[in-house]
file my_file_31.csv (CSV, C-alpha atoms and all ligand atoms)
chain,number,residue,atom,x,y,z
A,1,MET,CA,-5.6,3.4,-32.1
A,2,ASN,CA,-6.8,6.2,-29.8
A,3,PRO,CA,-10.4,5.6,-28.8
A,4,GLY,CA,-10.7,9.1,-27.3
A,5,PRO,CA,-12.4,10.1,-24.2
A,6,PRO,CA,-15.3,7.8,-23.2
A,7,ALA,CA,-18.8,9.1,-24.0
A,8,THR,CA,-19.7,8.9,-20.3
A,9,ALA,CA,-17.1,9.7,-17.7
A,10,PRO,CA,-16.8,6.9,-15.1
A,11,ALA,CA,-18.5,7.6,-11.8
A,12,CYS,CA,-16.4,8.1,-8.7
A,13,PRO,CA,-16.3,4.8,-6.8
A,14,VAL,CA,-17.0,6.6,-3.5
A,15,CYS,CA,-19.5,9.4,-4.2
A,16,GLU,CA,-20.6,8.6,-7.8
A,17,GLU,CA,-20.0,12.1,-9.0
A,18,ARG,CA,-18.5,12.5,-12.5
A,19,ARG,CA,-16.2,15.6,-12.2
A,20,TRP,CA,-12.6,14.8,-12.5
A,21,PHE,CA,-9.2,16.5,-12.3
A,22,PRO,CA,-6.6,14.5,-14.2
A,23,LEU,CA,-3.4,13.8,-12.2
A,24,LEU,CA,-1.2,11.7,-14.6
A,25,GLU,CA,-1.2,9.1,-17.3
A,26,SER,CA,1.4,6.4,-17.9
A,27,MET,CA,2.1,2.7,-18.6
A,28,VAL,CA,3.3,0.7,-15.6
A,29,PRO,CA,3.9,-3.0,-14.8
A,30,VAL,CA,0.7,-4.6,-13.8
A,31,HIS,CA,2.3,-6.8,-11.1
A,32,CYS,CA,4.8,-4.8,-9.2
A,33,ASN,CA,5.3,-7.6,-6.7
A,34,ARG,CA,5.4,-10.5,-9.1
A,35,LEU,CA,8.7,-12.4,-8.9
A,36,GLU,CA,10.2,-13.5,-12.1
A,37,ASP,CA,12.9,-16.3,-12.5
A,38,SER,CA,14.9,-14.6,-15.2
A,39,ALA,CA,15.7,-11.1,-16.4
A,40,GLU,CA,14.1,-11.9,-19.8
A,41,ALA,CA,10.8,-12.9,-18.2
A,42,ALA,CA,10.9,-9.9,-15.9
A,43,ARG,CA,11.4,-7.5,-18.8
A,44,ALA,CA,8.5,-9.1,-20.7
A,45,ALA,CA,6.2,-8.6,-17.8
A,46,PRO,CA,2.8,-7.1,-18.9
A,47,LYS,CA,2.1,-3.4,-18.4
A,48,GLY,CA,-1.2,-1.6,-17.8
A,49,ARG,CA,-2.6,1.8,-18.5
A,50,PHE,CA,-2.6,4.2,-15.5
A,51,GLU,CA,-4.9,7.2,-15.7
A,52,LEU,CA,-5.1,8.7,-12.2
A,53,GLN,CA,-8.0,11.2,-11.7
A,54,LEU,CA,-9.1,13.1,-8.7
A,55,CYS,CA,-12.8,13.4,-7.8
A,56,ARG,CA,-13.5,17.1,-7.4
A,57,ALA,CA,-16.4,16.3,-5.1
A,58,CYS,CA,-14.9,14.0,-2.5
A,59,GLY,CA,-11.1,13.9,-3.1
A,60,MET,CA,-11.0,10.2,-4.1
A,61,VAL,CA,-8.2,9.4,-6.5
A,62,PHE,CA,-8.8,6.5,-8.9
A,63,ASN,CA,-7.3,4.8,-12.0
A,64,THR,CA,-10.1,5.2,-14.5
A,65,ALA,CA,-8.3,2.8,-16.9
A,66,PHE,CA,-7.9,0.0,-14.4
A,67,ASP,CA,-8.6,-3.4,-15.8
A,68,PRO,CA,-9.2,-5.9,-13.1
A,69,ALA,CA,-9.0,-8.7,-15.6
A,70,LEU,CA,-5.2,-8.1,-15.8
A,71,MET,CA,-4.8,-8.8,-12.1
A,72,THR,CA,-4.1,-12.2,-10.7
A,73,TYR,CA,-3.1,-12.9,-7.1
A,74,ASP,CA,-1.4,-16.3,-7.1
A,75,PRO,CA,1.5,-17.9,-5.1
A,76,ASP,CA,4.0,-15.8,-7.2
A,77,TYR,CA,2.5,-12.7,-5.6
A,78,GLU,CA,4.8,-11.4,-2.9
A,79,ASN,CA,4.1,-8.4,-0.8
A,80,ALA,CA,4.8,-9.5,2.8
A,81,GLN,CA,6.7,-6.6,4.5
A,82,HIS,CA,7.2,-8.2,7.9
A,83,PHE,CA,10.8,-9.4,7.1
A,84,SER,CA,11.9,-5.9,8.1
A,85,PRO,CA,12.5,-5.5,11.8
A,86,ARG,CA,11.0,-2.0,11.7
A,87,PHE,CA,7.8,-3.2,10.0
A,88,ARG,CA,7.5,-6.0,12.5
A,89,ARG,CA,7.8,-3.5,15.3
A,90,TYR,CA,5.1,-1.5,13.7
A,91,LEU,CA,2.7,-4.5,13.6
A,92,GLU,CA,3.6,-5.3,17.2
A,93,GLU,CA,2.7,-1.8,18.3
A,94,LEU,CA,-0.5,-1.8,16.2
A,95,THR,CA,-1.4,-5.1,17.8
A,96,ALA,CA,-0.8,-3.8,21.3
A,97,ASP,CA,-2.9,-0.7,20.6
A,98,LEU,CA,-5.8,-2.7,19.2
A,99,VAL,CA,-5.8,-5.2,22.1
A,100,GLU,CA,-5.9,-2.2,24.6
A,101,ARG,CA,-8.5,-0.1,22.6
A,102,TYR,CA,-10.9,-3.0,22.2
A,103,ASP,CA,-10.0,-5.1,25.2
A,104,LEU,CA,-9.2,-8.0,22.9
A,105,ARG,CA,-8.7,-10.8,25.4
A,106,GLY,CA,-10.3,-14.1,24.7
A,107,LYS,CA,-12.3,-12.5,21.8
A,108,ASP,CA,-13.1,-13.3,18.2
A,109,VAL,CA,-11.0,-11.4,15.7
A,110,LEU,CA,-11.7,-11.6,12.0
A,111,GLU,CA,-9.4,-10.3,9.3
A,112,ILE,CA,-10.5,-9.6,5.7
A,113,GLY,CA,-7.6,-10.3,3.3
A,114,CYS,CA,-5.3,-11.8,5.9
A,115,GLY,CA,-2.5,-12.8,3.5
A,116,ASP,CA,-0.2,-15.2,5.4
A,117,ALA,CA,-2.0,-14.2,8.6
A,118,TYR,CA,1.2,-12.9,10.3
A,119,PHE,CA,-0.7,-9.9,11.8
A,120,LEU,CA,-3.8,-12.0,12.8
A,121,GLN,CA,-1.4,-14.4,14.5
A,122,LEU,CA,0.1,-11.5,16.5
A,123,LEU,CA,-3.4,-10.4,17.5
A,124,CYS,CA,-4.3,-13.8,18.7
A,125,ARG,CA,-1.2,-14.4,20.7
A,126,GLN,CA,-1.2,-11.1,22.4
A,127,GLY,CA,-4.7,-11.4,23.8
A,128,SER,CA,-5.3,-15.2,23.7
A,129,ASN,CA,-7.9,-14.4,21.0
A,130,ARG,CA,-9.5,-16.6,18.3
A,131,GLY,CA,-8.6,-15.5,14.8
A,132,TYR,CA,-10.4,-16.1,11.5
A,133,GLY,CA,-8.6,-15.0,8.4
A,134,TYR,CA,-10.5,-14.7,5.1
A,135,ASP,CA,-8.4,-14.7,2.0
A,136,PRO,CA,-8.6,-16.9,-1.1
A,137,ALA,CA,-4.8,-16.6,-1.3
A,138,ALA,CA,-4.1,-17.6,2.3
A,139,PRO,CA,-1.6,-20.4,2.8
A,140,VAL,CA,-3.1,-23.9,3.1
A,141,LYS,CA,-1.8,-24.5,6.6
A,142,SER,CA,-2.5,-22.0,9.4
A,143,PRO,CA,0.6,-20.6,11.2
A,144,ASP,CA,-0.9,-20.9,14.6
A,145,PRO,CA,-3.6,-23.2,16.2
A,146,SER,CA,-5.5,-20.1,17.4
A,147,VAL,CA,-5.9,-18.9,13.7
A,148,THR,CA,-8.4,-20.5,11.4
A,149,LEU,CA,-7.9,-19.7,7.7
A,150,ILE,CA,-10.9,-19.6,5.4
A,151,HIS,CA,-9.9,-19.6,1.7
A,152,ASP,CA,-12.8,-17.4,0.6
A,153,LEU,CA,-14.0,-13.8,0.6
A,154,TYR,CA,-15.7,-12.7,3.8
A,155,GLY,CA,-19.4,-12.3,3.0
A,156,PRO,CA,-23.0,-12.9,4.2
A,157,GLN,CA,-22.4,-16.7,4.4
A,158,TYR,CA,-20.2,-16.0,7.4
A,159,ALA,CA,-22.7,-13.7,9.2
A,160,ASP,CA,-23.1,-16.2,12.1
A,161,ARG,CA,-19.4,-16.1,13.0
A,162,PRO,CA,-19.1,-14.1,16.3
A,163,ALA,CA,-17.0,-11.0,15.7
A,164,ASP,CA,-15.6,-8.6,18.3
A,165,LEU,CA,-13.3,-6.9,15.8
A,166,VAL,CA,-13.1,-7.0,12.0
A,167,ALA,CA,-9.7,-5.9,10.8
A,168,CYS,CA,-8.9,-5.2,7.1
A,169,ARG,CA,-5.5,-3.8,6.3
A,170,HIS,CA,-4.3,-2.8,2.8
A,171,VAL,CA,-7.1,-4.3,0.8
A,172,LEU,CA,-9.4,-1.4,-0.2
A,173,GLU,CA,-6.8,0.2,-2.3
A,174,HIS,CA,-6.8,-2.9,-4.6
A,175,LEU,CA,-10.5,-2.7,-5.3
A,176,GLU,CA,-12.0,-1.1,-8.3
A,177,ARG,CA,-15.3,-0.9,-6.4
A,178,PRO,CA,-14.5,-0.6,-2.7
A,179,ALA,CA,-18.1,0.2,-2.0
A,180,ASP,CA,-19.1,-3.4,-2.8
A,181,LEU,CA,-16.9,-4.7,0.1
A,182,ILE,CA,-18.3,-2.1,2.6
A,183,ARG,CA,-21.9,-2.7,1.6
A,184,SER,CA,-21.4,-6.4,1.9
A,185,LEU,CA,-19.7,-6.0,5.3
A,186,HIS,CA,-22.6,-3.9,6.5
A,187,ALA,CA,-25.0,-6.7,5.6
A,188,THR,CA,-22.8,-9.4,7.0
A,189,LEU,CA,-22.3,-7.7,10.4
A,190,GLN,CA,-26.1,-7.3,10.9
A,191,PRO,CA,-26.2,-10.1,13.5
A,192,GLN,CA,-23.0,-8.9,15.2
A,193,PRO,CA,-23.9,-5.5,16.9
A,194,ASN,CA,-20.8,-5.5,19.1
A,195,ALA,CA,-18.4,-5.7,16.3
A,196,SER,CA,-15.9,-2.9,15.8
A,197,ILE,CA,-14.0,-2.4,12.6
A,198,TYR,CA,-10.4,-1.4,11.9
A,199,PHE,CA,-9.5,-0.5,8.3
A,200,GLU,CA,-6.0,0.6,7.2
A,201,VAL,CA,-5.0,1.9,3.8
A,202,PRO,CA,-2.1,3.9,2.4
A,203,ASP,CA,-2.9,7.5,3.1
A,204,GLY,CA,-3.5,9.0,-0.3
A,205,ARG,CA,-3.1,12.6,0.9
A,206,PHE,CA,0.3,11.7,2.3
A,207,THR,CA,1.3,9.9,-0.9
A,208,PHE,CA,0.4,13.0,-3.0
A,209,GLU,CA,1.5,15.7,-0.6
A,210,SER,CA,4.9,14.0,-0.1
A,211,LEU,CA,5.0,13.6,-3.9
A,212,GLY,CA,5.3,9.8,-3.4
A,213,ILE,CA,5.4,9.1,-7.1
A,214,TRP,CA,7.0,5.7,-6.3
A,215,ASP,CA,3.9,4.7,-4.3
A,216,LEU,CA,1.6,4.8,-7.3
A,217,LEU,CA,1.2,1.4,-8.8
A,218,TYR,CA,-1.2,-0.4,-11.0
A,219,GLU,CA,-2.3,-2.8,-8.3
A,220,HIS,CA,-3.5,0.2,-6.2
A,221,CYS,CA,-6.4,1.5,-8.3
A,222,SER,CA,-7.9,3.5,-5.4
A,223,TYR,CA,-6.2,6.2,-3.3
A,224,PHE,CA,-8.1,7.3,-0.2
A,225,THR,CA,-7.9,10.5,1.8
A,226,ASP,CA,-9.5,10.8,5.3
A,227,ARG,CA,-12.4,12.6,3.6
A,228,SER,CA,-13.1,10.0,0.9
A,229,LEU,CA,-12.6,7.1,3.3
A,230,HIS,CA,-15.0,8.6,5.8
A,231,ARG,CA,-17.5,9.2,3.1
A,232,LEU,CA,-17.3,5.6,1.9
A,233,PHE,CA,-18.1,4.2,5.3
A,234,HIS,CA,-20.6,6.8,6.2
A,235,ARG,CA,-22.5,6.3,3.0
A,236,HIS,CA,-22.8,2.6,3.6
A,237,GLY,CA,-24.1,2.6,7.1
A,238,PHE,CA,-21.0,2.8,9.4
A,239,THR,CA,-20.2,5.2,12.2
A,240,VAL,CA,-16.6,6.4,12.2
A,241,SER,CA,-15.3,6.6,15.8
A,242,GLY,CA,-11.7,7.4,15.2
A,243,TRP,CA,-8.9,8.3,12.8
A,244,GLU,CA,-5.2,7.6,13.1
A,245,SER,CA,-2.2,8.5,11.0
A,246,ARG,CA,0.2,5.6,11.3
A,247,PHE,CA,3.7,4.5,10.1
A,248,ASP,CA,5.1,8.0,9.9
A,249,GLY,CA,2.0,9.3,8.3
A,250,GLN,CA,2.1,6.8,5.4
A,251,PHE,CA,-1.0,4.8,6.5
A,252,LEU,CA,-4.5,6.0,7.3
A,253,ALA,CA,-6.5,4.0,9.8
A,254,LEU,CA,-10.2,4.2,10.5
A,255,HIS,CA,-12.0,2.9,13.6
A,256,GLY,CA,-15.8,2.4,13.5
A,257,ALA,CA,-18.8,0.2,13.8
A,258,ARG,CA,-22.0,-0.6,12.0
A,259,ALA,CA,-24.4,2.3,12.6
A,260,ASN,CA,-27.0,1.5,15.3
A,261,GLY,CA,-24.7,-1.3,16.6
A,262,GLU,CA,-23.9,-1.1,20.3
A,263,ALA,CA,-20.2,-0.4,19.5
A,264,SER,CA,-21.2,2.7,17.6
A,265,ALA,CA,-22.7,4.3,20.7
A,266,LYS,CA,-19.3,5.8,21.3
A,267,GLU,CA,-18.7,9.4,20.3
A,268,PRO,CA,-18.6,9.5,16.5
A,269,ALA,CA,-15.5,11.2,14.9
A,270,ARG,CA,-16.0,14.5,13.2
A,271,MET,CA,-16.1,14.5,9.5
A,272,PRO,CA,-12.7,15.8,8.2
A,273,VAL,CA,-12.6,19.4,7.2
A,274,GLU,CA,-13.9,20.2,3.7
A,275,GLU,CA,-11.4,20.7,1.0
A,276,PRO,CA,-11.4,22.9,-2.1
A,277,GLU,CA,-12.5,21.3,-5.3
A,278,VAL,CA,-8.9,20.7,-6.4
A,279,PRO,CA,-6.7,20.6,-3.3
A,280,SER,CA,-3.3,22.2,-3.5
A,281,TRP,CA,-1.6,18.8,-3.1
A,282,ALA,CA,-3.2,17.6,-6.3
A,283,ALA,CA,-2.2,20.5,-8.5
A,284,GLN,CA,1.3,20.4,-7.0
A,285,PHE,CA,1.6,16.7,-7.6
A,286,ARG,CA,0.7,17.0,-11.3
A,287,GLN,CA,3.3,19.8,-11.8
A,288,VAL,CA,6.1,18.1,-10.0
A,289,TYR,CA,5.6,14.5,-11.2
A,290,HIS,CA,7.6,14.9,-14.5
A,291,GLU,CA,10.2,17.2,-13.0
A,292,GLN,CA,11.1,14.5,-10.4
A,293,LEU,CA,11.4,11.8,-13.1
A,294,GLU,CA,13.8,14.0,-15.0
A,295,GLN,CA,15.8,14.9,-11.9
A,296,TRP,CA,16.4,11.3,-10.8
A,297,GLY,CA,17.1,10.2,-14.4
A,298,GLY,CA,19.8,12.9,-14.5
A,299,ARG,CA,21.4,11.9,-11.2
A,300,ILE,CA,21.6,8.2,-12.2
A,301,ARG,CA,23.1,9.1,-15.6
A,302,GLN,CA,25.7,11.3,-13.8
A,303,TRP,CA,26.7,8.5,-11.4
A,304,VAL,CA,26.9,6.0,-14.1
A,305,ASP,CA,29.0,8.4,-16.3
A,306,GLN,CA,31.4,8.7,-13.3
A,307,GLY,CA,31.7,4.9,-13.3
A,308,ARG,CA,30.0,4.6,-9.9
A,309,VAL,CA,28.1,1.4,-9.0
A,310,VAL,CA,24.5,2.2,-8.1
A,311,VAL,CA,22.1,-0.2,-6.3
A,312,VAL,CA,18.6,0.3,-5.1
A,313,TRP,CA,17.6,-0.9,-1.6
A,314,GLY,CA,14.1,-2.2,-1.5
A,315,ALA,CA,12.4,-4.5,-4.1
A,316,GLY,CA,8.9,-3.6,-2.9
A,317,THR,CA,6.5,-1.4,-4.8
A,318,LYS,CA,8.6,1.7,-4.4
A,319,GLY,CA,11.7,0.2,-5.8
A,320,VAL,CA,9.9,-1.4,-8.7
A,321,MET,CA,8.1,1.8,-9.6
A,322,PHE,CA,11.2,3.9,-9.3
A,323,LEU,CA,13.1,1.6,-11.6
A,324,ASN,CA,10.2,1.5,-14.1
A,325,SER,CA,9.4,5.2,-14.0
A,326,VAL,CA,12.9,6.9,-14.2
A,327,ARG,CA,14.5,6.9,-17.5
A,328,GLY,CA,18.1,5.5,-17.2
A,329,ALA,CA,17.3,3.4,-14.2
A,330,ASP,CA,18.2,0.4,-16.3
A,331,TRP,CA,21.8,1.1,-15.3
A,332,VAL,CA,21.1,0.3,-11.7
A,333,LYS,CA,23.2,-2.8,-11.1
A,334,ALA,CA,21.0,-4.7,-8.6
A,335,VAL,CA,18.3,-4.4,-6.0
A,336,VAL,CA,18.9,-5.4,-2.4
A,337,ASP,CA,16.1,-6.8,-0.3
A,338,VAL,CA,16.0,-8.5,3.1
A,339,ASN,CA,13.1,-10.8,2.1
A,340,PRO,CA,14.7,-14.2,1.3
A,341,ARG,CA,11.7,-15.1,-0.9
A,342,LYS,CA,12.6,-12.2,-3.3
A,343,CYS,CA,16.3,-12.9,-3.5
A,344,GLY,CA,17.4,-14.7,-6.7
A,345,LYS,CA,14.4,-13.2,-8.6
A,346,PHE,CA,14.2,-10.3,-11.0
A,347,VAL,CA,12.4,-6.9,-11.0
A,348,ALA,CA,9.2,-6.7,-13.1
A,349,GLY,CA,9.6,-4.5,-16.1
A,350,THR,CA,13.4,-3.7,-15.8
A,351,GLY,CA,14.9,-7.1,-15.0
A,352,GLN,CA,17.5,-6.2,-12.3
A,353,PRO,CA,18.5,-9.2,-10.1
A,354,ILE,CA,17.3,-9.0,-6.5
A,355,VAL,CA,20.0,-9.9,-4.0
A,356,ALA,CA,20.3,-10.4,-0.3
A,357,PRO,CA,22.4,-7.8,1.7
A,358,PRO,CA,25.5,-10.1,2.0
A,359,ALA,CA,25.9,-9.8,-1.8
A,360,LEU,CA,26.9,-6.1,-1.2
A,361,ALA,CA,30.3,-7.3,-0.2
A,362,GLU,CA,31.0,-8.3,-3.8
A,363,LEU,CA,28.9,-5.5,-5.5
A,364,ARG,CA,30.7,-2.8,-3.5
A,365,PRO,CA,28.2,-0.1,-4.4
A,366,ASP,CA,29.2,3.6,-4.5
A,367,VAL,CA,25.7,4.8,-4.2
A,368,VAL,CA,22.7,3.2,-2.4
A,369,VAL,CA,19.3,4.6,-3.3
A,370,VAL,CA,17.0,3.9,-0.3
A,371,VAL,CA,13.5,3.8,-1.7
A,372,ASN,CA,11.7,4.1,1.7
A,373,PRO,CA,12.9,6.9,4.0
A,374,ALA,CA,11.4,4.9,6.9
A,375,TYR,CA,14.2,2.3,6.6
A,376,ARG,CA,17.1,4.6,6.2
A,377,GLU,CA,18.6,4.1,9.7
A,378,GLU,CA,18.2,0.4,9.5
A,379,ILE,CA,20.0,0.3,6.2
A,380,VAL,CA,22.9,2.6,7.1
A,381,THR,CA,23.5,0.5,10.2
A,382,ASP,CA,23.6,-2.7,8.1
A,383,LEU,CA,26.0,-1.2,5.6
A,384,ALA,CA,28.3,0.0,8.3
A,385,ARG,CA,28.3,-3.5,9.9
A,386,ARG,CA,29.6,-4.8,6.5
A,387,GLY,CA,32.3,-2.2,6.4
A,388,LEU,CA,30.7,-0.3,3.6
A,389,GLN,CA,30.3,3.5,3.4
A,390,PRO,CA,28.5,4.3,0.1
A,391,GLN,CA,26.7,7.5,-0.6
A,392,VAL,CA,23.2,6.9,0.7
A,393,GLU,CA,20.4,8.7,-1.1
A,394,VAL,CA,16.8,8.6,-0.1
A,395,LEU,CA,13.8,8.9,-2.5
A,396,SER,CA,12.0,11.6,-0.6
A,397,VAL,CA,11.2,14.8,-2.4
A,398,ALA,CA,10.7,16.7,0.8
A,399,GLN,CA,14.1,15.8,2.0
A,400,GLN,CA,15.9,16.4,-1.3
A,401,ASP,CA,14.4,19.9,-1.7
A,402,PRO,CA,12.4,21.3,1.1
A,403,GLY,CA,11.1,24.0,-1.3
A,404,LEU,CA,9.0,21.4,-3.0
A,405,ALA,CA,7.3,20.2,0.1
A,406,VAL,CA,3.6,21.2,0.2
A,407,GLY,CA,2.7,23.1,3.4
B,501,ZN,ZN,-16.0,11.3,-5.3

call {"tool": "encode", "arguments": {"input": "my_file_31.csv", "output": "structure tokens", "more": "lines below"}}
Ligand SMILES: [Zn+2]
result
Amino acid sequence: MNPGPPATAPACPVCEERRWFPLLESMVPVHCNRLEDSAEAARAAPKGRFELQLCRACGMVFNTAFDPALMTYDPDYENAQHFSPRFRRYLEELTADLVERYDLRGKDVLEIGCGDAYFLQLLCRQGSNRGYGYDPAAPVKSPDPSVTLIHDLYGPQYADRPADLVACRHVLEHLERPADLIRSLHATLQPQPNASIYFEVPDGRFTFESLGIWDLLYEHCSYFTDRSLHRLFHRHGFTVSGWESRFDGQFLALHGARANGEASAKEPARMPVEEPEVPSWAAQFRQVYHEQLEQWGGRIRQWVDQGRVVVVWGAGTKGVMFLNSVRGADWVKAVVDVNPRKCGKFVAGTGQPIVAPPALAELRPDVVVVVNPAYREEIVTDLARRGLQPQVEVLSVAQQDPGLAVG
């Protein structure tokens, strides 16, 4: 049954305009990071409708078919990235920057959506701070005596909790209505005029400009650019004091404070430059999306026809989306991951086993597809240490064919 276009187009979750530019439509696994115990269960994992649209007014990209009822975040949900040495270094650098920037020494640091509180723990240890992590899915036991875990959403009931910094990393992109969180934060921080805020999200512009088709996942229903993120905070009473591009441009970070709070007295950051209605990156992305799926499908088929063993390195979202999006990726033998909690499990949608790096000795891959270019060096070093010299390919359109990179 095709219900046809809705009578009323959904409003942009940031600016509430209703003028869209469609980017893509597909069916994808609802839980990229859900670990399954058998190949059968993994292949039977539910899929959801993905209709990405760009708001012509503010540049926000949003899945207009997102159904939050399909989402469940339970103990089977696994997205901790800090098992990678490089990602740990990133979090350590970020911690050092924040401690310096906000003089976080003996202060109160709150984190919205703290997960297992690894990052919050770093912040507390580095500056002898007191940490409060809000997350319904936080572990029962705190990893550190300086960190208190609250198994709840941060909201007005916690307004009396002193806050020098409120951090929130990689949460907004999961929300169908991100404005609700920002509006609530504005109300909650009313008695905390000195609180600064640090928000970090995947950089939507980077994702689309670098043709990061493997970074699009059902769990991420919202894709922010500097412009739409600025607009969201500004619209709901925050002053933006700084921007940063982090993790090789993959993350977008916003510094700010509640408007009229003492912390907002600093020089506000300039609004990012206006963009055309449909930026070039959006038009380019739509055009290249299907070409890339075809190209990778062809390469994998060719390798398999030559009898070569192909493995994918990285069972995170990029790896799962690559395997689910590219036709023929079912022939990939296995997926390697350094996260011990993922090993022994199976990839949602396609069912490949997830193995630890030592299993490569037996698999003896001819081709290793590295899903995140940021980890290439780390992986090549690991392979060499095991006496393996497979062909290493990286899922990066810009590196594969510079002609496709958007200037
Ligand atoms: Zn908008």

call {"tool": "closest_atom_pairs", "arguments": {"input": "my_file_31.csv", "of": "chain A", "to": "ligand ZN 501 (chain B)", "cutoff": "8 Å", "atoms": "all atoms listed in the file", "output": "CSV"}}
result
residue,atom,partner,partner_atom,distance
A:Ala11,CA,B:ZN501,ZN,7.9
A:Cys12,CA,B:ZN501,ZN,4.7
A:Pro13,CA,B:ZN501,ZN,6.7
A:Val14,CA,B:ZN501,ZN,5.1
A:Cys15,CA,B:ZN501,ZN,4.1
A:Glu16,CA,B:ZN501,ZN,5.9
A:Glu17,CA,B:ZN501,ZN,5.5
A:Arg18,CA,B:ZN501,ZN,7.7
A:Leu54,CA,B:ZN501,ZN,7.9
A:Cys55,CA,B:ZN501,ZN,4.6
A:Arg56,CA,B:ZN501,ZN,6.7
A:Ala57,CA,B:ZN501,ZN,5.0
A:Cys58,CA,B:ZN501,ZN,4.0
A:Gly59,CA,B:ZN501,ZN,6.0
A:Met60,CA,B:ZN501,ZN,5.3
A:Ser228,CA,B:ZN501,ZN,7.0

call {"tool": "write_last_selection", "arguments": {"input": "my_file_31.csv", "atoms": "C-alpha atoms", "output": "CSV table (one decimal), in the coordinates of the input"}}
result
chain,number,residue,atom,x,y,z
A,11,ALA,CA,-18.5,7.6,-11.8
A,12,CYS,CA,-16.4,8.1,-8.7
A,13,PRO,CA,-16.3,4.8,-6.8
A,14,VAL,CA,-17.0,6.6,-3.5
A,15,CYS,CA,-19.5,9.4,-4.2
A,16,GLU,CA,-20.6,8.6,-7.8
A,17,GLU,CA,-20.0,12.1,-9.0
A,18,ARG,CA,-18.5,12.5,-12.5
A,54,LEU,CA,-9.1,13.1,-8.7
A,55,CYS,CA,-12.8,13.4,-7.8
A,56,ARG,CA,-13.5,17.1,-7.4
A,57,ALA,CA,-16.4,16.3,-5.1
A,58,CYS,CA,-14.9,14.0,-2.5
A,59,GLY,CA,-11.1,13.9,-3.1
A,60,MET,CA,-11.0,10.2,-4.1
A,228,SER,CA,-13.1,10.0,0.9

call {"tool": "closest_residue", "arguments": {"input": "my_file_31.csv", "among": "A:Arg125, A:Asp37, A:His31, A:Leu24", "to": "A:Arg341", "atoms": "only C-alpha atoms"}}
result
A:Asp37

call {"tool": "closest_residue", "arguments": {"input": "my_file_31.csv", "among": "A:Asn372, A:Gln121, A:Ser146, A:Gln192", "to": "A:Leu165", "atoms": "all atoms listed in the file"}}
result
A:Gln192

call {"tool": "closest_residue", "arguments": {"input": "my_file_31.csv", "among": "A:Val355, A:Phe238, A:Ser245, A:Asp160", "to": "A:His186", "atoms": "only C-alpha atoms"}}
result
A:Phe238

call {"tool": "closest_atom_pairs", "arguments": {"input": "my_file_31.csv", "of": "stretch 143-213 of chain A", "to": "stretch 249-252 of chain A", "cutoff": "10 Å", "atoms": "all atoms listed in the file", "output": "tab-separated table"}}
result
residue	atom	partner	partner_atom	distance
A:Arg169	CA	A:Phe251	CA	9.7
A:His170	CA	A:Phe251	CA	9.1
A:Phe199	CA	A:Leu252	CA	8.3
A:Glu200	CA	A:Leu252	CA	5.6
A:Val201	CA	A:Leu252	CA	5.4
A:Pro202	CA	A:Phe251	CA	4.3
A:Asp203	CA	A:Leu252	CA	4.7
A:Gly204	CA	A:Leu252	CA	8.2
A:Arg205	CA	A:Gln250	CA	9.0
A:Phe206	CA	A:Gln250	CA	6.1
A:Thr207	CA	A:Gln250	CA	7.1
A:Ser210	CA	A:Gln250	CA	9.5
A:Gly212	CA	A:Gln250	CA	9.8

call {"tool": "closest_atom_pairs", "arguments": {"input": "my_file_31.csv", "of": "stretch 172-233 of chain A", "to": "stretch 300-324 of chain A", "cutoff": "8 Å", "atoms": "only C-alpha atoms", "output": "tab-separated table"}}
result
residue	atom	partner	partner_atom	distance
A:Trp214	CA	A:Lys318	CA	4.7
A:Asp215	CA	A:Lys318	CA	5.6
A:Leu216	CA	A:Met321	CA	7.5
A:Leu217	CA	A:Met321	CA	7.0

call {"tool": "write_last_selection", "arguments": {"input": "my_file_31.csv", "atoms": "C-alpha atoms", "output": "PDB file, keeping the file's coordinate frame"}}
result
ATOM      1  CA  TRP A 214       7.000   5.700  -6.300  1.00  0.00           C
ATOM      2  CA  ASP A 215       3.900   4.700  -4.300  1.00  0.00           C
ATOM      3  CA  LEU A 216       1.600   4.800  -7.300  1.00  0.00           C
ATOM      4  CA  LEU A 217       1.200   1.400  -8.800  1.00  0.00           C
TER       5      LEU A 217
END

call {"tool": "closest_residue", "arguments": {"input": "my_file_31.csv", "among": "A:Asp337, A:Glu209, A:Asp144, A:Glu294", "to": "A:Ser325", "atoms": "only C-alpha atoms"}}
result
A:Glu294

call {"tool": "residues_around", "arguments": {"input": "my_file_31.csv", "residues": "stretch 130-139 of chain A", "least_positions_apart": "5", "cutoff": "8 Å", "atoms": "only C-alpha atoms", "output": "number ranges by chain"}}
result
A: 73-75, 106-117, 120-121, 123-124, 146-154

call {"tool": "residues_around", "arguments": {"input": "my_file_31.csv", "residues": "A:Pro357", "least_positions_apart": "6", "cutoff": "10 Å", "atoms": "all atoms listed in the file", "output": "CSV table (one decimal) with C-alpha atoms, in the coordinates of the input"}}
result
chain,number,residue,atom,x,y,z
A,313,TRP,CA,17.6,-0.9,-1.6
A,335,VAL,CA,18.3,-4.4,-6.0
A,336,VAL,CA,18.9,-5.4,-2.4
A,337,ASP,CA,16.1,-6.8,-0.3
A,338,VAL,CA,16.0,-8.5,3.1
A,339,ASN,CA,13.1,-10.8,2.1
A,343,CYS,CA,16.3,-12.9,-3.5
A,363,LEU,CA,28.9,-5.5,-5.5
A,379,ILE,CA,20.0,0.3,6.2
A,382,ASP,CA,23.6,-2.7,8.1
A,383,LEU,CA,26.0,-1.2,5.6
A,386,ARG,CA,29.6,-4.8,6.5

call {"tool": "closest_residue", "arguments": {"input": "my_file_31.csv", "among": "A:Pro22, A:Gly127, A:Pro353, A:Pro46", "to": "A:Leu98", "atoms": "all atoms listed in the file"}}
result
A:Gly127
